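*Asks:* So I've got this file, upload_11.txt, and it contains compact mmCIF, C-alpha atoms:
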# COMPACT_ATOMS: atom_id res chain seq x y z
CA MET G 1 -1.27 -28.31 38.44
CA GLU G 2 -2.56 -25.16 40.09
CA GLY G 3 -2.27 -21.64 38.80
CA THR G 4 -3.95 -19.07 36.60
CA PHE G 5 -3.19 -17.33 33.36
CA THR G 6 -2.61 -13.58 33.33
CA PHE G 7 -3.56 -11.69 30.15
CA GLU G 8 -2.09 -8.31 29.34
CA THR G 9 -2.35 -6.12 26.25
CA VAL G 10 0.98 -4.78 25.09
CA GLY G 11 1.03 -1.10 24.18
CA GLY G 12 -2.63 -0.37 24.87
CA ASN G 13 -5.95 -1.86 25.89
CA LYS G 14 -8.04 -1.28 22.80
CA LEU G 15 -7.99 -1.73 19.06
CA ILE G 16 -9.74 0.85 16.86
CA VAL G 17 -11.32 -0.67 13.78
CA SER G 18 -11.88 1.17 10.51
CA ASP G 19 -14.99 3.17 9.71
CA SER G 20 -17.20 2.08 6.76
CA GLN G 21 -14.34 1.49 4.35
CA ALA G 22 -11.22 -0.59 4.04
CA SER G 23 -8.36 0.54 6.21
CA PRO G 24 -5.09 1.18 4.34
CA ALA G 25 -3.07 -0.49 7.11
CA LYS G 26 -3.38 -3.46 9.41
CA ASN G 27 -4.59 -2.86 12.94
CA LYS G 28 -2.40 -4.81 15.31
CA LEU G 29 -2.93 -5.84 18.92
CA GLU G 30 -0.43 -7.80 21.00
CA ILE G 31 -1.53 -9.91 23.94
CA LYS G 32 1.01 -11.17 26.49
CA VAL G 33 0.01 -14.32 28.33
CA THR G 34 1.86 -15.48 31.46
CA TYR G 35 1.30 -18.30 33.96
CA ASP G 36 1.83 -17.69 37.67
CA GLN G 37 3.25 -21.13 38.57
CA ASN G 38 6.66 -22.64 37.92
CA GLU G 39 5.18 -25.69 36.28
CA GLU G 40 4.53 -25.04 32.61
CA PRO G 41 1.00 -25.75 31.35
CA LEU G 42 0.39 -27.81 28.23
CA ILE G 43 -1.61 -25.67 25.78
CA SER G 44 -4.18 -27.63 23.79
CA GLN G 45 -6.14 -24.80 22.16
CA ILE G 46 -6.59 -21.04 22.02
CA GLU G 47 -9.97 -19.75 20.87
CA TYR G 48 -11.19 -16.24 20.02
CA ALA G 49 -14.91 -15.50 19.77
CA PHE G 50 -15.95 -12.32 17.92
CA PRO G 51 -19.52 -11.00 18.15
CA ALA G 52 -21.20 -10.75 14.76
CA GLY G 53 -24.87 -10.16 15.38
CA THR G 54 -27.80 -8.99 13.33
CA LYS G 55 -27.52 -6.04 10.97
CA GLY G 56 -27.63 -2.73 12.76
CA LYS G 57 -25.99 -4.23 15.83
CA ASP G 58 -23.12 -5.97 14.09
CA PHE G 59 -19.76 -5.12 15.52
CA ALA G 60 -17.85 -6.59 12.61
CA GLU G 61 -19.03 -8.04 9.33
CA LEU G 62 -18.34 -11.74 8.85
CA LYS G 63 -16.73 -11.23 5.44
CA ASN G 64 -14.21 -8.88 7.02
CA LEU G 65 -13.55 -11.09 10.03
CA ARG G 66 -12.24 -13.70 7.62
CA GLN G 67 -9.27 -11.41 6.98
CA ILE G 68 -8.02 -11.54 10.57
CA GLU G 69 -4.51 -12.92 10.99
CA PHE G 70 -2.76 -14.34 14.04
CA LYS G 71 0.84 -14.97 14.97
CA ILE G 72 2.02 -16.87 18.03
CA ASP G 73 5.42 -15.48 19.01
CA ASP G 74 7.58 -15.98 15.94
CA TRP G 75 5.49 -18.75 14.39
CA THR G 76 3.03 -18.07 11.60
CA VAL G 77 -0.42 -19.57 12.08
CA VAL G 78 -1.38 -21.91 9.24
CA ASP G 79 -5.05 -21.95 8.19
CA VAL G 80 -6.64 -25.37 7.78
CA SER G 81 -10.14 -26.58 7.05
CA LYS G 82 -12.52 -27.39 9.88
CA GLU G 83 -12.19 -31.09 9.12
CA GLU G 84 -8.39 -30.93 9.30
CA PHE G 85 -8.60 -28.92 12.48
CA ILE G 86 -10.88 -31.50 14.19
CA GLU G 87 -8.51 -34.26 13.11
CA LEU G 88 -5.55 -32.44 14.66
CA LYS G 89 -7.47 -32.01 17.93
CA SER G 90 -8.42 -35.67 18.05
CA GLN G 91 -4.84 -36.85 17.74
CA LYS G 92 -3.05 -38.00 20.88
CA LYS G 93 -1.30 -35.11 22.63
CA GLU G 94 2.22 -35.62 23.83
CA LYS G 95 4.64 -33.12 25.26
CA ARG G 96 7.62 -32.65 23.01
CA SER G 97 10.64 -30.41 23.10
CA GLY G 98 11.29 -27.75 20.48
CA ASN G 99 9.01 -25.43 18.58
CA ALA G 100 5.72 -26.66 17.17
CA GLY G 101 3.63 -25.15 14.39
CA TRP G 102 0.21 -23.64 14.99
CA TYR G 103 -2.94 -24.30 13.00
CA ALA G 104 -6.12 -22.25 12.81
CA CYS G 105 -9.72 -22.74 11.74
CA ARG G 106 -12.50 -20.14 11.34
CA PHE G 107 -16.16 -21.02 11.76
CA GLU G 108 -19.50 -19.45 12.68
CA GLU G 109 -21.53 -20.43 15.69
CA GLU G 110 -24.87 -18.64 16.23
CA GLU G 111 -24.00 -14.92 16.48
CA GLU G 112 -20.31 -15.46 17.03
CA PHE G 113 -17.38 -15.84 14.73
CA ILE G 114 -14.88 -18.32 16.15
CA TYR G 115 -11.18 -18.35 15.42
CA ALA G 116 -9.64 -21.45 17.04
CA LEU G 117 -5.93 -22.25 17.15
CA THR G 118 -4.19 -25.46 18.11
CA PRO G 119 -0.51 -26.47 18.19
CA GLY G 120 0.74 -29.36 16.15
CA GLU G 121 1.04 -31.26 19.42
CA ALA G 122 0.42 -30.39 23.04
CA TRP G 123 2.76 -27.47 23.58
CA SER G 124 4.51 -26.50 26.77
CA MET G 125 4.23 -22.81 27.39
CA LYS G 126 7.29 -20.62 27.86
CA ASP G 127 7.65 -18.04 30.66
CA GLN G 128 5.46 -15.76 28.65
CA GLN G 129 3.70 -15.96 25.32
CA ILE G 130 2.96 -13.13 22.88
CA MET G 131 -0.04 -13.48 20.59
CA ASP G 132 -0.34 -10.91 17.78
CA LEU G 133 -3.85 -10.20 16.50
CA MET G 134 -3.85 -8.34 13.18
CA MET G 135 -7.18 -7.13 11.82
CA GLU G 136 -6.85 -5.87 8.26
CA ASN G 137 -9.76 -4.01 6.63
CA VAL G 138 -12.11 -5.03 9.43
CA VAL G 139 -15.10 -2.70 9.25
CA THR G 140 -18.31 -2.49 11.20
CA THR G 141 -21.89 -1.49 10.51
CA ALA G 142 -22.13 -0.03 14.02
CA ALA G 143 -21.63 3.73 14.23
CA GLU G 144 -19.52 3.51 17.36
CA GLY G 145 -19.29 1.54 20.56
CA ALA G 146 -17.40 -1.32 22.13
CA SER G 147 -17.46 -5.07 21.91
CA VAL G 148 -15.77 -7.79 23.92
CA ILE G 149 -13.75 -10.53 22.27
CA ARG G 150 -13.62 -13.67 24.38
CA CYS G 151 -10.23 -15.33 24.50
CA THR G 152 -10.14 -18.88 25.90
CA VAL G 153 -6.93 -20.84 26.53
CA GLY G 154 -7.37 -24.59 26.79
CA ILE G 155 -5.03 -26.58 29.05
CA LEU G 156 -4.71 -30.33 29.17
CA VAL G 157 -6.47 -31.86 32.22
CA GLU G 158 -7.49 -28.38 33.42
CA ASP G 159 -10.50 -26.12 32.97
CA PRO G 160 -10.14 -23.52 30.20
CA GLN G 161 -9.05 -20.03 31.22
CA GLU G 162 -10.96 -17.07 29.76
CA TYR G 163 -10.13 -13.42 29.13
CA GLY G 164 -12.33 -10.63 27.81
CA LEU G 165 -10.62 -8.22 25.40
CA GLU G 166 -12.42 -5.00 24.50
CA ILE G 167 -12.30 -3.65 20.96
CA LYS G 168 -13.71 -0.17 20.41
CA LYS G 169 -15.25 1.51 17.40
CA GLU G 170 -14.90 5.29 17.57
CA ARG G 171 -16.53 7.53 15.01
CA ASP G 172 -14.25 10.15 13.51
CA HIS G 173 -16.13 13.46 13.69
CA THR G 174 -13.35 15.56 12.17
CA VAL G 175 -14.37 17.23 8.91
CA LYS G 176 -12.34 19.23 6.39
CA VAL G 177 -12.98 21.02 3.10
CA GLN G 178 -9.60 20.46 1.51
CA ASP G 179 -10.28 22.13 -1.85
CA PHE G 180 -13.05 24.29 -3.36
CA TYR G 181 -12.64 25.96 -6.74
CA PRO G 182 -14.56 26.86 -9.94
CA GLU G 183 -13.63 25.50 -13.35
CA SER G 184 -13.43 29.13 -14.45
CA GLY G 185 -12.96 32.16 -12.23
CA CYS G 186 -14.75 34.45 -14.68
CA ALA G 187 -17.91 34.04 -16.74
CA LEU G 188 -20.48 35.92 -18.73
CA SER G 189 -23.75 36.83 -17.05
CA GLY G 190 -26.10 33.84 -17.32
CA GLU G 191 -23.27 31.38 -18.02
CA GLN G 192 -23.03 28.09 -16.13
CA VAL G 193 -19.83 27.26 -14.22
CA ARG G 194 -19.02 24.05 -12.39
CA LEU G 195 -17.82 24.32 -8.79
CA ASN G 196 -15.52 21.49 -7.69
CA TRP G 197 -14.49 20.45 -4.18
CA PHE G 198 -12.98 17.73 -2.05
CA ALA G 199 -14.53 17.37 1.41
CA GLN G 200 -13.18 14.83 3.88
CA ASN G 201 -15.51 12.98 6.26
CA ALA G 202 -18.56 15.18 5.56
CA GLN G 203 -21.98 13.88 6.60
CA LYS G 204 -23.74 16.95 5.15
CA LEU G 205 -22.75 19.59 2.60
CA PHE G 206 -24.26 23.05 2.12
CA LEU G 207 -23.60 25.59 -0.64
CA PHE G 208 -24.19 29.28 0.19
CA SER G 209 -24.39 32.19 -2.27
CA GLY G 210 -26.25 35.51 -2.09
CA GLY G 211 -28.04 34.54 1.12
CA VAL G 212 -29.35 31.29 -0.42
CA LYS G 213 -28.49 27.98 1.26
CA LYS G 214 -28.66 24.72 -0.71
CA GLU G 215 -28.04 21.26 0.70
CA ILE G 216 -25.81 19.07 -1.50
CA ASP G 217 -25.54 15.29 -1.56
CA PRO G 218 -22.33 14.60 0.45
CA SER G 219 -21.30 11.93 -2.07
CA LYS G 220 -21.02 14.61 -4.79
CA SER G 221 -17.80 16.48 -5.54
CA SER G 222 -19.12 19.19 -7.88
CA GLU G 223 -22.16 21.34 -8.64
CA VAL G 224 -23.09 23.47 -11.66
CA VAL G 225 -24.20 27.04 -10.84
CA THR G 226 -25.65 29.75 -13.10
CA VAL G 227 -23.68 32.96 -12.66
CA LEU G 228 -25.70 36.18 -13.01
CA ASN G 229 -23.43 38.57 -11.13
CA THR G 230 -20.03 38.48 -9.47
CA ALA G 231 -20.61 36.24 -6.47
CA GLU G 232 -18.81 34.55 -3.60
CA TYR G 233 -19.66 30.92 -2.94
CA THR G 234 -19.20 29.17 0.40
CA LEU G 235 -19.09 25.40 0.87
CA GLU G 236 -19.85 24.13 4.38
CA ALA G 237 -19.09 20.54 5.41
CA VAL G 238 -20.74 19.17 8.57
CA ASN G 239 -20.04 16.10 10.70
CA GLY G 240 -21.99 16.00 13.94
CA GLU G 241 -21.33 19.29 15.72
CA LYS G 242 -18.15 20.02 13.77
CA LYS G 243 -18.07 22.20 10.66
CA ASP G 244 -15.55 23.45 8.11
CA THR G 245 -16.04 26.04 5.37
CA ARG G 246 -14.20 27.30 2.33
CA LYS G 247 -14.96 30.18 -0.04
CA THR G 248 -14.38 30.89 -3.72
CA LEU G 249 -15.23 33.74 -6.09
CA ILE G 250 -16.59 33.84 -9.66
CA GLN G 251 -16.26 37.16 -11.46
CA VAL G 252 -18.74 38.33 -14.10
CA LEU G 253 -16.62 40.45 -16.44
CA PRO G 254 -17.64 42.13 -19.70
CA LEU G 255 -14.43 40.84 -21.31
CA CYS G 256 -13.94 37.09 -21.68
CA LEU G 257 -11.23 35.11 -23.49
CA ARG G 258 -13.11 32.06 -24.68
CA GLN G 259 -10.28 30.41 -26.60
CA PHE G 260 -6.61 30.95 -27.32
CA TRP G 261 -4.42 27.99 -28.19
CA ALA G 262 -1.97 26.46 -30.65
CA ASP G 263 -3.50 23.72 -32.81
CA TYR G 264 -0.51 21.64 -33.88
CA GLU G 265 -2.55 19.34 -36.11
CA GLU G 266 -3.95 22.19 -38.20
CA GLU G 267 -0.78 24.26 -37.63
CA LYS G 268 -2.85 27.25 -36.54
CA ILE G 269 -2.96 29.66 -33.63
CA LYS G 270 -6.65 30.15 -32.74
CA TRP G 271 -8.47 32.75 -30.63
CA ASP G 272 -11.99 33.76 -29.59
CA VAL G 273 -12.49 36.95 -27.54
CA CYS G 274 -15.92 37.97 -26.24
CA CYS G 275 -16.74 41.66 -25.68
CA GLY G 276 -13.18 42.76 -26.40
CA LYS G 277 -11.58 45.50 -28.46
CA HIS G 278 -8.07 46.49 -29.51
CA ILE G 279 -7.16 42.81 -29.90
CA LYS G 280 -3.48 42.24 -30.62
CA ILE G 281 -1.42 39.10 -31.16
CA ASN G 282 2.29 39.63 -30.60
CA ASP G 283 1.58 43.40 -30.74
CA ILE G 284 -0.02 43.12 -34.21
CA SER G 285 -3.64 44.33 -34.29
CA THR G 286 -6.45 42.21 -35.66
CA SER G 287 -10.01 43.29 -36.41
CA PHE G 288 -11.38 39.79 -35.83
CA SER G 289 -12.68 38.88 -32.36
CA SER G 290 -12.33 35.21 -33.32
CA GLY G 291 -10.09 33.70 -35.94
CA SER G 292 -6.82 31.90 -36.64
CA ALA G 293 -3.34 32.47 -38.03
CA ASN G 294 -0.62 30.16 -39.34
CA LEU G 295 1.79 28.85 -36.72
CA SER G 296 4.55 29.29 -39.28
CA ASP G 297 4.22 33.05 -38.73
CA TYR G 298 5.57 32.60 -35.19
CA THR G 299 8.82 31.35 -33.66
CA PRO G 300 8.87 27.85 -32.05
CA GLY G 301 10.09 27.79 -28.49
CA LEU G 302 8.57 31.19 -27.66
CA PRO G 303 5.15 32.26 -26.37
CA VAL G 304 2.50 33.85 -28.58
CA VAL G 305 0.84 36.69 -26.65
CA LEU G 306 -2.74 37.97 -27.10
CA THR G 307 -3.95 41.22 -25.52
CA ALA G 308 -7.44 42.70 -25.53
CA GLU G 309 -9.35 45.47 -23.76
CA GLY G 310 -12.85 45.62 -22.37
CA LYS G 311 -14.94 47.82 -20.13
CA ASN G 312 -12.95 48.44 -16.93
CA THR G 313 -10.81 45.40 -17.65
CA SER G 314 -8.21 43.94 -20.00
CA VAL G 315 -6.59 40.58 -20.63
CA GLU G 316 -3.16 39.32 -21.56
CA SER G 317 -2.68 35.65 -22.46
CA ALA G 318 0.51 33.82 -23.45
CA VAL G 319 0.36 30.45 -25.23
CA TYR G 320 3.61 28.55 -25.53
CA TYR G 321 4.45 27.45 -29.08
CA GLY G 322 6.60 24.39 -28.50
CA THR G 323 9.59 23.24 -30.51
CA GLU G 324 9.24 20.09 -32.56
CA ASP G 325 10.82 18.02 -29.78
CA GLU G 326 8.65 19.59 -27.06
CA ARG G 327 5.46 19.00 -29.05
CA ILE G 328 6.03 15.25 -28.62
CA ASP G 329 4.95 15.74 -24.99
CA ILE G 330 3.25 19.12 -24.57
CA VAL G 331 -0.11 19.89 -26.15
CA HIS G 332 -0.91 23.14 -24.36
CA PHE G 333 0.65 25.53 -21.84
CA GLN G 334 -0.99 28.91 -21.23
CA LYS G 335 -0.80 31.83 -18.81
CA THR G 336 -3.68 34.34 -18.77
CA ILE G 337 -3.86 37.48 -16.62
CA THR G 338 -7.18 39.35 -16.50
CA PHE G 339 -6.69 42.91 -15.22
CA TYR G 340 -9.50 44.36 -13.15
CA LYS G 341 -9.71 47.42 -10.94
CA GLY G 342 -7.79 46.69 -7.76
CA PHE G 343 -6.77 43.12 -8.59
CA GLN G 344 -5.82 40.68 -11.31
CA ILE G 345 -6.78 37.06 -11.94
CA LEU G 346 -4.06 34.63 -13.01
CA ASP G 347 -5.22 31.52 -14.88
CA VAL G 348 -2.80 28.72 -15.80
CA LEU G 349 -3.71 25.78 -18.05
CA TRP G 350 -1.63 22.81 -19.10
CA LYS G 351 -2.10 19.61 -21.05
CA LEU G 352 0.26 16.77 -21.93
CA TYR G 353 -0.28 13.84 -24.22
CA GLU G 354 -1.67 10.78 -22.47
CA LEU G 355 0.97 8.60 -20.83
CA LYS G 356 0.88 5.78 -23.38
CA SER G 357 4.51 5.34 -24.36
CA LYS G 358 8.02 6.22 -23.28
CA ASN G 359 7.95 9.05 -25.81
CA THR G 360 5.57 11.01 -23.60
CA ALA G 361 6.00 12.91 -20.36
CA LYS G 362 5.89 11.20 -17.00
CA SER G 363 5.05 14.08 -14.66
CA ILE G 364 4.55 17.84 -14.51
CA ARG G 365 5.18 20.51 -11.91
CA ILE G 366 4.22 24.17 -12.24
CA VAL G 367 5.36 27.20 -10.24
CA TYR G 368 4.79 30.91 -10.69
CA GLN G 369 7.05 33.74 -9.62
CA ASP G 370 6.04 37.26 -8.65
CA ARG G 371 9.19 39.16 -9.55
CA GLU G 372 7.83 42.42 -8.13
CA ARG G 373 7.77 40.83 -4.67
CA ASN G 374 10.56 38.35 -5.44
CA GLU G 375 8.34 35.47 -4.27
CA LEU G 376 8.11 31.96 -5.68
CA TYR G 377 4.93 29.86 -5.41
CA ASP G 378 4.61 26.14 -6.00
CA ILE G 379 1.17 25.53 -7.52
CA LYS G 380 -0.77 23.06 -5.36
CA GLY G 381 2.59 22.10 -3.84
CA GLY G 382 2.97 19.02 -6.00
CA LYS G 383 5.26 17.62 -8.64
CA ASN G 384 2.92 15.21 -10.39
CA LEU G 385 -0.16 17.18 -11.46
CA GLY G 386 -1.34 14.75 -14.13
CA THR G 387 -1.62 15.10 -17.87
CA GLU G 388 -3.92 18.11 -17.83
CA GLY G 389 -5.33 20.67 -15.45
CA SER G 390 -5.79 24.30 -14.56
CA TRP G 391 -5.01 26.60 -11.67
CA GLN G 392 -6.15 30.08 -10.69
CA GLN G 393 -4.89 32.77 -8.34
CA ILE G 394 -6.27 36.21 -7.48
CA LEU G 395 -3.42 38.74 -7.45
CA THR G 396 -3.60 41.96 -5.45
CA GLY G 397 -1.15 44.80 -5.23
CA THR G 398 0.57 43.97 -8.52
CA GLU G 399 1.21 46.92 -10.82
CA ALA G 400 -1.21 46.37 -13.70
CA THR G 401 1.05 47.88 -16.36
CA ARG G 402 3.86 45.50 -15.43
CA ALA G 403 1.97 42.39 -14.28
CA GLY G 404 2.56 40.49 -17.51
CA GLU G 405 6.31 40.73 -17.20
CA ASN G 406 6.35 40.37 -13.41
CA ILE G 407 4.34 37.15 -13.22
CA LEU G 408 6.37 34.29 -14.67
CA VAL G 409 4.93 30.77 -14.90
CA THR G 410 7.27 27.82 -15.33
CA MET G 411 6.37 24.28 -16.38
CA TYR G 412 8.73 21.49 -15.36
CA VAL G 413 8.10 18.34 -17.42
CA GLU G 414 9.82 15.11 -16.41
CA ARG G 415 10.16 12.67 -19.28
CA TYR G 416 10.55 8.94 -19.10
CA ASP G 417 14.21 8.14 -18.60
CA ASP G 418 15.14 6.20 -21.71
CA GLY G 419 18.69 7.50 -21.73
CA ALA G 420 18.13 9.72 -24.75
CA HIS G 421 15.77 12.47 -23.60
CA LYS G 422 15.76 15.09 -20.89
CA GLY G 423 12.95 16.97 -19.18
CA TYR G 424 11.79 20.48 -20.06
CA GLN G 425 11.73 23.77 -18.18
CA ILE G 426 9.48 26.27 -20.00
CA THR G 427 8.70 29.77 -18.75
CA ILE G 428 6.03 32.12 -20.12
Before we go any further, please render this structure as structure tokens.
*Replies:*
Amino acid sequence: MEGTFTFETVGGNKLIVSDSQASPAKNKLEIKVTYDQNEEPLISQIEYAFPAGTKGKDFAELKNLRQIEFKIDDWTVVDVSKEEFIELKSQKKEKRSGNAGWYACRFEEEEEFIYALTPGEAWSMKDQQIMDLMMENVVTTAAEGASVIRCTVGILVEDPQEYGLEIKKERDHTVKVQDFYPESGCALSGEQVRLNWFAQNAQKLFLFSGGVKKEIDPSKSSEVVTVLNTAEYTLEAVNGEKKDTRKTLIQVLPLCLRQFWADYEEEKIKWDVCCGKHIKINDISTSFSSGSANLSDYTPGLPVVLTAEGKNTSVESAVYYGTEDERIDIVHFQKTITFYKGFQILDVLWKLYELKSKNTAKSIRIVYQDRERNELYDIKGGKNLGTEGSWQQILTGTEATRAGENILVTMYVERYDDGAHKGYQITI
């Protein structure tokens, strides 16, 4: 029998493996094998040899190579032990008609990882044969480069035919700062504020403020800073020659609303205003910068509004006082607008009870509407924001005397569907 095998990759000539962490999807490579003679060869074995050398030069880690899967045309490859595999090979080979199952055995040999396949009996090849190689979560300690997988097809009474298949590892140098924000957009001078961020694929991180550059551990996602004056902070993420930056601002204001919330357990509305005067709650003046009042003095299902004035600034904060049914799910929903010369800062906070039973909320979505501009904004563009969180926006061009009524914030709460309850839509 004379002839040679022709190997061809279907859909491409390389397979990109994942970088330093498990890939969320299988990497698949199809190999088409044909034979250039009319007489069909009897396949006795197909063998793949993967390089797996010493650390630092490894192309793929042995523990990950064990997750490789093969399919021969429409037949699933069955894994067997090395002993069972040797026994199958030693059996007498006879050509039979019909489909035969395939068996596979993995083993290590020096610096190679071998994946050998054999049919249940000597198998006559069709006009062409498709072999699917699926590498799931195969990672490598090498930064980037290429490696050749050796594919050998064994034929009865003939010399084996070999084919070298290249698999490439390409480092992803793209880098992105996807989010960068402070836990609070305003603070007192000397107060500490935590900056939070999410940087994708960053090898180095740098934090800039006031001409000072500080290198941050790229594995970190936050940093505490001491705020002395109003300052802009810049986060720079670096990967190779590529960079991405994002900025955020922390205002040092003489007026600060430290606390304003409805305590349902104590049935109190509580507040704490720093450096404020002319403090009013629902337009009723109070001489106490911090204190509490009975929730029974207010109407359920409506917001309780606190206003206060400071030097060159003022604040208006609305806390929603939920109905008895809403309080099953909602612990806290608050809109605060701090008015400053030339701009305003909108802060939104929300908190739901933990998702422990079907009596609690399943998801939350928050939007705010600028009625002066007739624009609607979807906060963070998501429906499921979790059980608690906060969001901040700097507003410019909004008429200060009307900002409280122009900026509407709506909470959409989706409850578990038990057939008896509906979701909420609450606007403050």
*Asks:* Quick one: distance from atom CA of G:Ile279 to atom CA of G:Ile426 in Å, one decimal?
*Replies:*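 Value for the atom CA of G:Ile279-atom CA of G:Ile426 distance: 25.5 Å.
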*Asks:* Could you tell me how far atom CA of G:Tyr353 lies from atom CA of G:Ser296, in Å and to one decimal?
*Replies:* 22.1 Å
*Asks:* List the neighbours of stretch 284-288 of chain G out to 10 Å using all atoms listed in the file; skip same-chain residues closer than 6 positions along the sequence, and give me the result as a VMD selection string.
*Replies:* chain G and resid 271 to 273 277 to 278 305 to 308
*Asks:* Of the candidates G:Ala199, G:Val367, G:Leu408, G:Val315, which shows the shortest atom-to-atom distance to G:Lys280, using only C-alpha atoms?
*Replies:*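 Closest candidate: G:Val315.
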*Asks:* Near G:Leu352, within 7 Å and counting all atoms listed in the file, which residues show up once chain neighbours fewer than 3 positions away are dropped, as a tab-separated table (two decimals) with C-alpha atoms, keeping the file's coordinate frame?
*Replies:*
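Result file follows (part25.tsv):
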chain	number	residue	atom	x	y	z
G	329	ASP	CA	4.95	15.74	-24.99
G	330	ILE	CA	3.25	19.12	-24.57
G	331	VAL	CA	-0.11	19.89	-26.15
G	332	HIS	CA	-0.91	23.14	-24.36
G	387	THR	CA	-1.62	15.10	-17.87
G	388	GLU	CA	-3.92	18.11	-17.83
*Asks:* Near stretch 209-225 of chain G, within 8 Å and counting all atoms listed in the file, which residues show up once chain neighbours fewer than 4 positions away are dropped, as a PyMOL selection string?
*Replies:* chain G and resi 192-199+202-205+231-234
*Asks:* Restricting the calculation to all atoms listed in the file, which member of G:Phe180, G:Ile46, G:Ser290, G:Tyr115 is positioned closest to G:Pro160?
*Replies:*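 Closest candidate: G:Ile46.
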